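J.: Quick one: structure below, then a few questions.
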Amino acid sequence: MTLALKKSHIWGTLAVAAMGIAAVPATAQAAQAAQLTGQVVGLGGKCLDVRGGKTASGTPVQIYGCNGTASQRWTYTEQPGEIGSTVSALGKCLDVASSGTTDRTPVQLWDCNGSPAQKWVRYQGDVLINPRSNKCLDVSGGNTADNTPVQIYTCNFTPSQVWKWGGDQGQNPPAALQRQVFDLVNNYRVQHGKAALQYDDAVARAAQDEANEQARRGQQGHWTFAAIRDSLARYGYSRPVGPLAENAAGAPGFWKDAPSVVDAWIKEPLHEQNILGDAYKYTGVGVTVDGNGNYWWAQDFVG
């Protein structure tokens, strides 16, 4: 097993900016007619996510570190002549379980059926209200941990109910940065006569776990890499697992774009060795931007 390790002992503090509005409207109305597609980023910079990337009706919806996979790609589509729009991923709709209207009713993925349980309105651009219950999409307990489920709850406009669509994240949302790292690394491999790596969603999820853990600790490191085989199995990696390696980077104020972090890895021999390794066929990239605007990176390599 190869482990490229270059630690930084700089610690950072994670912060989530609070946002409040005094009153909740009795009936929500759409601020504008639009179709949006992309990541939906909520509490703690985590993305709205279909648990395990499963497509079965009844699959819980949760927050999870943003990783650019299909389970985090949501489309908000206005239905002409109707109150409310659908929010869909993986070909199914965001749905209030059993058409519930009470606080803490779970939200899940379900076959799209046009029912009121699947209608949502973006209010003031930041919250998602289910008109039937007049309640908001909410992160359970205000918990920022991965796999925290979402629910409906009385609208209070706290950070647990604020959702930013991909287009609202600035010019470098995590998904775009992941793709840029992937492309830059493959370009470097090809320039050196190596085969291009294939991107794998399960490997990307494992890398995202590392990026998230670095951000949580405020310190660069290989905190989750020792358990990567378990992570790959959990995320549905179906091939035999061969040689493994990981590059990681992060420190307050450093490496805020893909070219800078890939360049730093290339200039460090052990990291470059991972990038150019003949034993690796699959890769995935994780990127987390913490509340202070610091960037935390990880790229995993699997043979």
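Chain labels follow the order of the structure tokens: the first chain is A, the next B, and so on; residue numbering restarts at 1 in every chain, and ligands are counted from 1 in their shown order.
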Quick one: residues within 8 Å of Ala89 (chain A), only C-alpha atoms, excluding same-chain residues fewer than 5 positions away - as a PyMOL selection string?
T.: chain A and resi 50+70-75+94
J.: Would you give me, as a PyMOL selection string, the residues in region 39-246 of chain A that DSSP reads as strand (DSSP E or B)?
T.: chain A and resi 40-41+47-50+60-64+74-78+85-89+92-96+105-110+120-123+127-130+135-139+148-153+164-165+198-199+244-246
J.: List the spatial neighbours of Thr55 (chain A) as a list in words - criterion: any atom at most 10 Å away, only C-alpha atoms, same-chain residues fewer than 4 positions off excluded.
T.: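 Non-adjacent residues within range: Val50, Arg51, Thr59, Ser71, Ala89, Leu90, Gly91, Lys92, Leu109, Trp110 and Asp111 of chain A.
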J.: Store the residues picked out above in a file with N, CA, C and O atoms, as a CSV table (one decimal), in the first residue's frame.
T.:
chain,number,residue,atom,x,y,z
A,50,VAL,N,-28.8,11.8,-2.1
A,50,VAL,CA,-29.6,10.5,-2.0
A,50,VAL,C,-28.7,9.5,-1.4
A,50,VAL,O,-27.6,9.1,-1.9
A,51,ARG,N,-29.1,8.9,-0.3
A,51,ARG,CA,-28.3,8.0,0.5
A,51,ARG,C,-27.8,6.8,-0.4
A,51,ARG,O,-28.6,6.1,-0.9
A,59,THR,N,-35.8,5.7,-0.5
A,59,THR,CA,-34.4,5.9,-0.1
A,59,THR,C,-34.4,7.3,0.6
A,59,THR,O,-34.9,8.3,0.1
A,71,SER,N,-26.0,11.4,-7.4
A,71,SER,CA,-26.9,11.4,-6.3
A,71,SER,C,-27.0,12.8,-5.6
A,71,SER,O,-27.8,13.0,-4.7
A,89,ALA,N,-33.9,13.9,-8.6
A,89,ALA,CA,-32.5,13.4,-8.8
A,89,ALA,C,-32.6,11.9,-9.1
A,89,ALA,O,-33.6,11.2,-8.7
A,90,LEU,N,-31.7,11.4,-9.9
A,90,LEU,CA,-31.7,10.0,-10.3
A,90,LEU,C,-33.0,9.6,-10.9
A,90,LEU,O,-33.4,8.4,-10.8
A,91,GLY,N,-33.8,10.5,-11.5
A,91,GLY,CA,-35.0,10.1,-12.2
A,91,GLY,C,-36.2,10.0,-11.2
A,91,GLY,O,-37.3,9.6,-11.7
A,92,LYS,N,-36.0,10.4,-10.0
A,92,LYS,CA,-37.1,10.4,-9.0
A,92,LYS,C,-37.2,11.7,-8.3
A,92,LYS,O,-36.4,12.5,-8.4
A,109,LEU,N,-36.7,9.9,-1.4
A,109,LEU,CA,-36.8,9.9,-2.9
A,109,LEU,C,-37.9,8.9,-3.2
A,109,LEU,O,-38.1,7.9,-2.6
A,110,TRP,N,-38.8,9.3,-4.2
A,110,TRP,CA,-39.9,8.5,-4.6
A,110,TRP,C,-40.3,8.7,-6.0
A,110,TRP,O,-39.9,9.7,-6.6
A,111,ASP,N,-40.9,7.7,-6.6
A,111,ASP,CA,-41.4,7.8,-8.0
A,111,ASP,C,-42.2,9.1,-8.1
A,111,ASP,O,-43.1,9.4,-7.3
J.: Go through A:Lys164, A:Lys54, A:Lys119, A:Arg229 and flag the residue nearest Val40 (chain A), using only C-alpha atoms for the distances.
T.: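 Among A:Lys164, A:Lys54, A:Lys119, A:Arg229, it is A:Lys164 that comes nearest to Val40 (chain A).
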J.: Name the closest residue to Gln198 (chain A) among the candidates A:Ala264, A:Val139, A:Ala175, A:Val285; distances are taken between atoms, counting only C-alpha atoms.
T.: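 Using only C-alpha atoms, Gln198 (chain A) sits closest to A:Val285.
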J.: Compile the contact shell of Cys155 (chain A) as a list in words: residues with an atom at most 7 Å away, counting only C-alpha atoms, same-chain residues fewer than 2 positions apart removed.
T.: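 Once the nearby chain positions are removed, what remains is Val24, Lys135, Cys136, Tyr153 and Phe157 of chain A.
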J.: Using only C-alpha atoms, which of A:Gly236, A:Pro116, A:Gly45, A:Gly84 sits nearest Asn67 (chain A)?
T.: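 Distance minimum relative to Asn67 (chain A) lands on A:Gly45.
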J.: Can you list, as a ChimeraX atom specification, every protein, DNA or RNA residue that comes within 12 Å of Ser260 (chain A) when you count only C-alpha atoms, leaving out same-chain residues fewer than 4 positions away?
T.: /A:177,180-181,184-185,249-250,253-256,264-267,295,297
J.: Would you write out those residues with C-alpha atoms, as a tab-separated table (two decimals), in the first residue's frame?
T.:
chain	number	residue	atom	x	y	z
A	177	LEU	CA	-12.86	21.78	-8.93
A	180	GLN	CA	-10.42	20.21	-13.00
A	181	VAL	CA	-8.12	18.16	-10.75
A	184	LEU	CA	-5.06	18.15	-14.90
A	185	VAL	CA	-3.79	14.89	-13.40
A	249	ALA	CA	-3.61	18.92	0.69
A	250	GLY	CA	-5.04	21.78	2.67
A	253	GLY	CA	-5.08	30.43	2.76
A	254	PHE	CA	-3.40	27.91	0.43
A	255	TRP	CA	-4.36	26.00	-2.75
A	256	LYS	CA	-7.61	27.73	-3.63
A	264	ALA	CA	2.08	21.31	-5.45
A	265	TRP	CA	1.57	17.55	-5.71
A	266	ILE	CA	3.67	17.29	-8.87
A	267	LYS	CA	6.56	19.13	-7.20
A	295	TYR	CA	-9.89	24.51	0.62
A	297	TRP	CA	-8.32	18.37	-1.18
J.: Fewer than 5 positions away in the same chain doesn't count, so skip those; otherwise give me all residues within 10 Å of region 63-65 of chain A, counting only C-alpha atoms, as a count of residues only.
T.: 35
